[in-house]
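Have a look at entry-v7.tsv below; it lists TSV, N, CA, C and O atoms.
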chain	number	residue	atom	x	y	z
A	180	MET	N	93.59	114.12	126.62
A	180	MET	CA	93.35	114.12	128.05
A	180	MET	C	94.69	114.12	128.77
A	180	MET	O	95.63	113.46	128.36
A	181	ASP	N	94.74	114.86	129.83
A	181	ASP	CA	95.93	114.92	130.66
A	181	ASP	C	96.20	113.53	131.25
A	181	ASP	O	95.30	112.86	131.73
A	182	THR	N	97.45	113.10	131.22
A	182	THR	CA	97.78	111.76	131.70
A	182	THR	C	97.52	111.59	133.19
A	182	THR	O	97.29	110.47	133.65
A	183	SER	N	97.55	112.68	133.95
A	183	SER	CA	97.29	112.56	135.38
A	183	SER	C	95.81	112.32	135.68
A	183	SER	O	95.45	111.96	136.80
A	184	LEU	N	94.94	112.47	134.68
A	184	LEU	CA	93.51	112.21	134.87
A	184	LEU	C	93.14	110.76	134.57
A	184	LEU	O	92.03	110.33	134.88
A	185	VAL	N	94.05	110.02	133.97
A	185	VAL	CA	93.74	108.64	133.57
A	185	VAL	C	93.44	107.76	134.78
A	185	VAL	O	92.47	106.99	134.76
A	186	ALA	N	94.21	107.86	135.82
A	186	ALA	CA	94.02	107.00	136.99
A	186	ALA	C	92.68	107.21	137.68
A	186	ALA	O	91.94	106.24	137.90
A	187	PRO	N	92.28	108.45	138.03
A	187	PRO	CA	90.98	108.60	138.69
A	187	PRO	C	89.81	108.23	137.78
A	187	PRO	O	88.82	107.66	138.25
A	188	VAL	N	89.93	108.50	136.50
A	188	VAL	CA	88.86	108.13	135.57
A	188	VAL	C	88.75	106.62	135.47
A	188	VAL	O	87.65	106.05	135.42
A	189	THR	N	89.88	105.93	135.49
A	189	THR	CA	89.88	104.47	135.46
A	189	THR	C	89.24	103.89	136.72
A	189	THR	O	88.46	102.94	136.65
A	190	VAL	N	89.56	104.45	137.86
A	190	VAL	CA	88.98	103.97	139.12
A	190	VAL	C	87.46	104.17	139.12
A	190	VAL	O	86.71	103.27	139.50
A	191	VAL	N	87.00	105.32	138.66
A	191	VAL	CA	85.56	105.58	138.60
A	191	VAL	C	84.89	104.59	137.64
A	191	VAL	O	83.83	104.03	137.94
A	192	ALA	N	85.51	104.34	136.49
A	192	ALA	CA	84.96	103.39	135.53
A	192	ALA	C	84.87	101.98	136.14
A	192	ALA	O	83.88	101.28	135.95
A	193	MET	N	85.90	101.59	136.88
A	193	MET	CA	85.88	100.27	137.52
A	193	MET	C	84.77	100.19	138.56
A	193	MET	O	84.10	99.15	138.68
A	194	LEU	N	84.53	101.25	139.32
A	194	LEU	CA	83.45	101.25	140.31
A	194	LEU	C	82.09	101.15	139.64
A	194	LEU	O	81.20	100.43	140.12
A	195	VAL	N	81.92	101.85	138.53
A	195	VAL	CA	80.65	101.79	137.81
A	195	VAL	C	80.42	100.40	137.23
A	195	VAL	O	79.32	99.85	137.32
A	196	ILE	N	81.45	99.81	136.66
A	196	ILE	CA	81.34	98.46	136.09
A	196	ILE	C	81.03	97.45	137.19
A	196	ILE	O	80.18	96.58	137.03
A	197	ARG	N	81.71	97.58	138.33
A	197	ARG	CA	81.46	96.66	139.45
A	197	ARG	C	80.02	96.78	139.92
A	197	ARG	O	79.34	95.78	140.16
A	198	THR	N	79.52	98.01	140.03
A	198	THR	CA	78.15	98.22	140.45
A	198	THR	C	77.18	97.58	139.46
A	198	THR	O	76.20	96.93	139.86
A	199	ALA	N	77.45	97.73	138.17
A	199	ALA	CA	76.57	97.16	137.15
A	199	ALA	C	76.57	95.64	137.20
A	199	ALA	O	75.51	95.00	137.09
A	200	LEU	N	77.74	95.04	137.37
A	200	LEU	CA	77.81	93.58	137.42
A	200	LEU	C	77.10	93.01	138.65
A	200	LEU	O	76.38	92.01	138.56
A	201	VAL	N	77.29	93.64	139.80
A	201	VAL	CA	76.62	93.18	141.01
A	201	VAL	C	75.12	93.40	140.89
A	201	VAL	O	74.33	92.57	141.34
A	202	GLU	N	74.70	94.48	140.27
A	202	GLU	CA	73.27	94.76	140.08
A	202	GLU	C	72.62	93.69	139.21
A	202	GLU	O	71.48	93.29	139.45
A	203	MET	N	73.34	93.21	138.22
A	203	MET	CA	72.78	92.15	137.37
A	203	MET	C	72.58	90.87	138.17
A	203	MET	O	71.61	90.15	137.94
A	204	ARG	N	73.49	90.58	139.08
A	204	ARG	CA	73.38	89.36	139.90
A	204	ARG	C	72.34	89.50	141.01
A	204	ARG	O	71.64	88.56	141.34
A	205	HIS	N	72.31	90.68	141.62
A	205	HIS	CA	71.43	90.93	142.77
A	205	HIS	C	70.67	92.24	142.53
A	205	HIS	O	71.16	93.31	142.92
A	206	PRO	N	69.50	92.17	141.89
A	206	PRO	CA	68.75	93.40	141.61
A	206	PRO	C	68.47	94.20	142.90
A	206	PRO	O	68.13	93.64	143.93
A	207	GLY	N	68.65	95.50	142.81
A	207	GLY	CA	68.45	96.38	143.96
A	207	GLY	C	69.71	96.69	144.72
A	207	GLY	O	69.71	97.56	145.59
A	208	SER	N	70.79	96.00	144.41
A	208	SER	CA	72.03	96.22	145.15
A	208	SER	C	72.65	97.58	144.85
A	208	SER	O	73.27	98.19	145.72
A	209	ALA	N	72.48	98.08	143.64
A	209	ALA	CA	73.05	99.38	143.29
A	209	ALA	C	72.39	100.49	144.10
A	209	ALA	O	73.05	101.41	144.57
A	210	ARG	N	71.09	100.38	144.28
A	210	ARG	CA	70.37	101.37	145.08
A	210	ARG	C	70.88	101.36	146.51
A	210	ARG	O	71.09	102.40	147.13
A	211	ARG	N	71.10	100.18	147.07
A	211	ARG	CA	71.61	100.09	148.45
A	211	ARG	C	73.06	100.58	148.53
A	211	ARG	O	73.45	101.21	149.49
A	212	GLN	N	73.85	100.29	147.51
A	212	GLN	CA	75.27	100.65	147.53
A	212	GLN	C	75.46	102.17	147.40
A	212	GLN	O	76.37	102.73	148.00
A	213	TRP	N	74.63	102.83	146.62
A	213	TRP	CA	74.80	104.25	146.36
A	213	TRP	C	73.79	105.12	147.10
A	213	TRP	O	73.64	106.30	146.80
A	214	CYS	N	73.10	104.57	148.11
A	214	CYS	CA	72.09	105.35	148.83
A	214	CYS	C	72.71	106.45	149.70
A	214	CYS	O	71.99	107.35	150.14
A	215	PHE	N	74.01	106.43	149.90
A	215	PHE	CA	74.65	107.47	150.71
A	215	PHE	C	74.47	108.84	150.08
A	215	PHE	O	74.55	109.86	150.77
A	216	VAL	N	74.20	108.90	148.78
A	216	VAL	CA	74.04	110.18	148.09
A	216	VAL	C	72.81	110.93	148.60
A	216	VAL	O	72.76	112.15	148.56
A	217	ALA	N	71.84	110.22	149.12
A	217	ALA	CA	70.60	110.84	149.58
A	217	ALA	C	70.64	111.28	151.04
A	217	ALA	O	69.67	111.85	151.53
A	218	HIS	N	71.74	111.05	151.74
A	218	HIS	CA	71.82	111.39	153.16
A	218	HIS	C	72.76	112.57	153.38
A	218	HIS	O	73.82	112.66	152.75
A	219	ARG	N	72.37	113.44	154.28
A	219	ARG	CA	73.10	114.69	154.49
A	219	ARG	C	74.48	114.50	155.12
A	219	ARG	O	75.46	115.08	154.68
A	220	ARG	N	74.56	113.67	156.16
A	220	ARG	CA	75.83	113.54	156.90
A	220	ARG	C	76.96	112.99	156.02
A	220	ARG	O	78.06	113.57	155.99
A	221	PRO	N	76.76	111.90	155.29
A	221	PRO	CA	77.85	111.41	154.43
A	221	PRO	C	78.22	112.39	153.32
A	221	PRO	O	79.41	112.56	153.02
A	222	MET	N	77.23	113.04	152.75
A	222	MET	CA	77.53	113.98	151.67
A	222	MET	C	78.27	115.21	152.18
A	222	MET	O	79.14	115.74	151.50
A	223	THR	N	77.95	115.64	153.39
A	223	THR	CA	78.67	116.77	153.98
A	223	THR	C	80.13	116.39	154.23
A	223	THR	O	81.05	117.17	153.92
A	224	ALA	N	80.36	115.20	154.76
A	224	ALA	CA	81.73	114.75	155.00
A	224	ALA	C	82.49	114.62	153.68
A	224	ALA	O	83.65	115.06	153.57
A	225	GLY	N	81.86	114.03	152.67
A	225	GLY	CA	82.51	113.87	151.38
A	225	GLY	C	82.81	115.20	150.71
A	225	GLY	O	83.88	115.40	150.14
A	226	ALA	N	81.87	116.14	150.78
A	226	ALA	CA	82.08	117.46	150.17
A	226	ALA	C	83.20	118.21	150.89
A	226	ALA	O	84.01	118.89	150.24
A	227	THR	N	83.25	118.07	152.20
A	227	THR	CA	84.32	118.74	152.97
A	227	THR	C	85.69	118.20	152.56
A	227	THR	O	86.62	118.98	152.32
A	228	VAL	N	85.80	116.89	152.46
A	228	VAL	CA	87.08	116.29	152.04
A	228	VAL	C	87.43	116.73	150.63
A	228	VAL	O	88.58	117.08	150.34
A	229	ALA	N	86.45	116.73	149.73
A	229	ALA	CA	86.72	117.12	148.34
A	229	ALA	C	87.20	118.56	148.24
A	229	ALA	O	88.17	118.85	147.54
A	230	VAL	N	86.54	119.46	148.96
A	230	VAL	CA	86.95	120.87	148.92
A	230	VAL	C	88.34	121.05	149.50
A	230	VAL	O	89.19	121.76	148.92
A	231	LEU	N	88.62	120.42	150.62
A	231	LEU	CA	89.95	120.57	151.24
A	231	LEU	C	91.05	120.02	150.33
A	231	LEU	O	92.12	120.62	150.21
A	232	LEU	N	90.79	118.89	149.69
A	232	LEU	CA	91.79	118.34	148.78
A	232	LEU	C	91.97	119.20	147.53
A	232	LEU	O	93.08	119.34	147.02
A	233	CYS	N	90.88	119.77	147.03
A	233	CYS	CA	90.99	120.66	145.86
A	233	CYS	C	91.82	121.89	146.19
A	233	CYS	O	92.70	122.28	145.42
A	234	VAL	N	91.51	122.49	147.33
A	234	VAL	CA	92.23	123.70	147.73
A	234	VAL	C	93.71	123.39	147.94
A	234	VAL	O	94.59	124.12	147.48
A	235	GLY	N	93.98	122.30	148.63
A	235	GLY	CA	95.37	121.94	148.91
A	235	GLY	C	96.13	121.43	147.70
A	235	GLY	O	97.33	121.66	147.57
A	236	GLY	N	95.45	120.75	146.79
A	236	GLY	CA	96.15	120.12	145.67
A	236	GLY	C	96.17	120.91	144.39
A	236	GLY	O	96.89	120.55	143.45
A	237	TRP	N	95.40	121.98	144.30
A	237	TRP	CA	95.30	122.72	143.04
A	237	TRP	C	96.65	123.26	142.58
A	237	TRP	O	96.99	123.15	141.41
A	238	ARG	N	97.43	123.81	143.49
A	238	ARG	CA	98.72	124.39	143.10
A	238	ARG	C	99.71	123.32	142.68
A	238	ARG	O	100.54	123.55	141.81
A	239	ALA	N	99.61	122.14	143.26
A	239	ALA	CA	100.56	121.08	142.95
A	239	ALA	C	100.18	120.30	141.70
A	239	ALA	O	101.04	119.97	140.89
A	240	ALA	N	98.90	119.99	141.54
A	240	ALA	CA	98.50	119.07	140.47
A	240	ALA	C	97.52	119.67	139.46
A	240	ALA	O	97.22	119.03	138.46
A	241	GLY	N	97.01	120.85	139.71
A	241	GLY	CA	96.08	121.46	138.77
A	241	GLY	C	94.74	120.74	138.71
A	241	GLY	O	94.19	120.34	139.73
A	242	ILE	N	94.25	120.54	137.50
A	242	ILE	CA	92.92	119.96	137.30
A	242	ILE	C	92.85	118.51	137.79
A	242	ILE	O	91.78	118.04	138.17
A	243	ALA	N	93.94	117.82	137.79
A	243	ALA	CA	93.94	116.43	138.27
A	243	ALA	C	93.56	116.35	139.74
A	243	ALA	O	92.94	115.38	140.17
A	244	SER	N	93.87	117.39	140.50
A	244	SER	CA	93.50	117.38	141.92
A	244	SER	C	91.99	117.39	142.10
A	244	SER	O	91.47	116.82	143.06
A	245	VAL	N	91.27	117.99	141.16
A	245	VAL	CA	89.81	118.02	141.25
A	245	VAL	C	89.25	116.61	141.07
A	245	VAL	O	88.37	116.17	141.82
A	246	ALA	N	89.76	115.88	140.08
A	246	ALA	CA	89.29	114.51	139.84
A	246	ALA	C	89.59	113.62	141.04
A	246	ALA	O	88.72	112.86	141.49
A	247	TRP	N	90.80	113.72	141.57
A	247	TRP	CA	91.15	112.91	142.74
A	247	TRP	C	90.34	113.32	143.95
A	247	TRP	O	89.93	112.48	144.75
A	248	ALA	N	90.08	114.62	144.10
A	248	ALA	CA	89.32	115.11	145.25
A	248	ALA	C	87.87	114.63	145.20
A	248	ALA	O	87.31	114.23	146.22
A	249	VAL	N	87.27	114.64	144.02
A	249	VAL	CA	85.89	114.16	143.89
A	249	VAL	C	85.83	112.66	144.20
A	249	VAL	O	84.93	112.19	144.90
A	250	LEU	N	86.80	111.91	143.69
A	250	LEU	CA	86.84	110.48	143.97
A	250	LEU	C	87.03	110.22	145.47
A	250	LEU	O	86.32	109.41	146.07
A	251	ALA	N	87.95	110.92	146.09
A	251	ALA	CA	88.18	110.76	147.53
A	251	ALA	C	86.95	111.18	148.33
A	251	ALA	O	86.59	110.52	149.31
A	252	GLY	N	86.30	112.26	147.93
A	252	GLY	CA	85.09	112.70	148.61
A	252	GLY	C	83.98	111.66	148.54
A	252	GLY	O	83.28	111.41	149.52
A	253	ALA	N	83.82	111.04	147.37
A	253	ALA	CA	82.80	110.00	147.22
A	253	ALA	C	83.11	108.79	148.09
A	253	ALA	O	82.22	108.22	148.73
A	254	LEU	N	84.37	108.41	148.15
A	254	LEU	CA	84.75	107.27	148.98
A	254	LEU	C	84.58	107.57	150.47
A	254	LEU	O	84.12	106.72	151.23
A	255	VAL	N	84.91	108.78	150.88
A	255	VAL	CA	84.71	109.17	152.28
A	255	VAL	C	83.22	109.18	152.61
A	255	VAL	O	82.81	108.69	153.66
A	256	ALA	N	82.40	109.71	151.71
A	256	ALA	CA	80.95	109.71	151.95
A	256	ALA	C	80.42	108.29	152.09
A	256	ALA	O	79.59	108.01	152.95
A	257	HIS	N	80.91	107.39	151.26
A	257	HIS	CA	80.48	105.99	151.34
A	257	HIS	C	80.90	105.38	152.68
A	257	HIS	O	80.11	104.69	153.32
A	258	LEU	N	82.12	105.64	153.12
A	258	LEU	CA	82.58	105.11	154.40
A	258	LEU	C	81.82	105.70	155.58
A	258	LEU	O	81.50	104.99	156.53
A	259	VAL	N	81.53	106.98	155.53
A	259	VAL	CA	80.76	107.61	156.62
A	259	VAL	C	79.36	107.01	156.67
A	259	VAL	O	78.83	106.74	157.74
A	260	HIS	N	78.79	106.76	155.51
A	260	HIS	CA	77.46	106.14	155.47
A	260	HIS	C	77.50	104.73	156.05
A	260	HIS	O	76.59	104.33	156.78
A	261	LEU	N	78.55	103.98	155.74
A	261	LEU	CA	78.67	102.63	156.29
A	261	LEU	C	78.80	102.66	157.81
A	261	LEU	O	78.27	101.79	158.50
A	262	SER	N	79.49	103.66	158.33
A	262	SER	CA	79.70	103.72	159.78
A	262	SER	C	78.44	104.16	160.52
A	262	SER	O	78.27	103.85	161.69
A	263	THR	N	77.52	104.86	159.85
A	263	THR	CA	76.30	105.32	160.51
A	263	THR	C	75.09	104.46	160.15
A	263	THR	O	74.04	104.60	160.74
A	264	ARG	N	75.25	103.56	159.22
A	264	ARG	CA	74.13	102.79	158.70
A	264	ARG	C	73.47	101.84	159.70
A	264	ARG	O	72.26	101.78	159.74
A	265	PRO	N	74.20	101.10	160.53
A	265	PRO	CA	73.53	100.18	161.45
A	265	PRO	C	72.53	100.88	162.38
A	265	PRO	O	71.46	100.36	162.64
A	266	GLU	N	72.87	102.07	162.84
A	266	GLU	CA	71.95	102.80	163.69
A	266	GLU	C	70.69	103.16	162.94
A	266	GLU	O	69.58	103.06	163.45
A	267	ALA	N	70.84	103.58	161.69
A	267	ALA	CA	69.68	103.95	160.88
A	267	ALA	C	68.83	102.72	160.59
A	267	ALA	O	67.60	102.79	160.59
A	268	ASP	N	69.47	101.58	160.33
A	268	ASP	CA	68.72	100.35	160.06
A	268	ASP	C	67.92	99.91	161.28
A	268	ASP	O	66.78	99.47	161.16
A	269	GLU	N	68.51	100.04	162.47
A	269	GLU	CA	67.80	99.66	163.69
A	269	GLU	C	66.59	100.57	163.91
A	269	GLU	O	65.51	100.11	164.26
A	270	ALA	N	66.76	101.88	163.68
A	270	ALA	CA	65.65	102.81	163.84
A	270	ALA	C	64.55	102.52	162.83
A	270	ALA	O	63.37	102.59	163.15
A	271	GLU	N	64.94	102.17	161.62
A	271	GLU	CA	63.96	101.85	160.59
A	271	GLU	C	63.18	100.60	160.95
A	271	GLU	O	61.97	100.54	160.77
A	272	ASN	N	63.85	99.60	161.50
A	272	ASN	CA	63.16	98.37	161.90
A	272	ASN	C	62.19	98.62	163.06
A	272	ASN	O	61.14	98.05	163.12
A	273	ARG	N	62.60	99.48	164.01
A	273	ARG	CA	61.71	99.79	165.13
A	273	ARG	C	60.47	100.52	164.66
A	273	ARG	O	59.39	100.38	165.23
A	274	ASN	N	60.62	101.34	163.61
A	274	ASN	CA	59.50	102.13	163.12
A	274	ASN	C	58.66	101.40	162.08
A	274	ASN	O	57.81	101.98	161.44
A	275	GLY	N	58.91	100.13	161.88
A	275	GLY	CA	58.12	99.36	160.94
A	275	GLY	C	58.52	99.57	159.50
A	275	GLY	O	57.69	99.49	158.59
A	276	GLY	N	59.79	99.86	159.25
A	276	GLY	CA	60.30	100.07	157.89
A	276	GLY	C	60.39	98.78	157.12
A	276	GLY	O	59.77	97.78	157.45
A	277	ARG	N	61.17	98.82	156.05
A	277	ARG	CA	61.33	97.64	155.21
A	277	ARG	C	61.88	96.47	155.99
A	277	ARG	O	62.68	96.62	156.89
A	278	HIS	N	61.46	95.28	155.64
A	278	HIS	CA	61.93	94.07	156.32
A	278	HIS	C	62.76	93.25	155.38
A	278	HIS	O	62.61	93.19	154.26
Please lay out the structure from this file as structure tokens.
Amino acid sequence: MDTSLVAPVTVVAMLVIRTALVEMRHPGSARRQWCFVAHRRPMTAGATVAVLLCVGGWRAAGIASVAWAVLAGALVAHLVHLSTRPEADEAENRNGGRH
């Protein structure tokens, strides 16, 4: 494996392990933490960031730019989901959603 891929792979592994440990303590937390994957706006933002970073970084870093771009895209999608989530939660409560 290329040494420049070790860091993003390690970060992804740490995120997966953290999710698993929190899920064992609080069942259902993984579903809430990763629910941004099912929403269009966060995934569009994350995909846009990933593509821009891949295009910009391919000449400088090669395949390692893809790994970093996917990681950055996932983190951006998660942040965008966090910033839009309170509005969605309020709408869900008004409509008689989960309590």
Just to confirm, what's the straight-line distance from CA of Ala199 (chain A) to CA of Cys233 (chain A) in Å (one decimal)?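 Taking CA of Ala199 (chain A) and CA of Cys233 (chain A), their separation equals 28.9 Å.
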Tell me which of A:Leu261, A:Ala240, A:Ala253, A:Ala192 sits closest to Thr223 (chain A), counting only C-alpha atoms.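 Nearest to Thr223 (chain A): A:Ala253.
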Using only N, CA, C and O atoms, the best pick from A:Trp247, A:Thr263, A:Met193, A:Thr182 as closest to Ala229 (chain A) would be A:Trp247
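Compared by their closest atoms to Leu254 (chain A), and using only C-alpha atoms, the residues A:Glu202, A:Gln212, A:Gly225, A:Leu194 rank with A:Gly225 nearest.
Here the question is which of A:Val201, A:Val259, A:Ala248, A:Leu184 gets nearest to Thr227 (chain A) using all atoms listed in the file, and that residue is A:Ala248.
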One number please: CA of Ala209 (chain A) to atom O of Ala243 (chain A), in Å, one decimal. 25.7 Å
Would you list, as a PyMOL selection string, the residues of chain A that end up in alpha helix (DSSP H) under DSSP run on this structure's backbone? chain A and resi 185-204+208-212+219-240+242-273
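For the choices A:Ile196, A:Ser262, A:Val228, A:Val234, the atom-to-atom distance to Val249 (chain A) is smallest for A:Val228 when using only C-alpha atoms.
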Could you check how far atom O of Ala226 (chain A) sits from atom O of Ser208 (chain A), in Å to one decimal? 23.8 Å
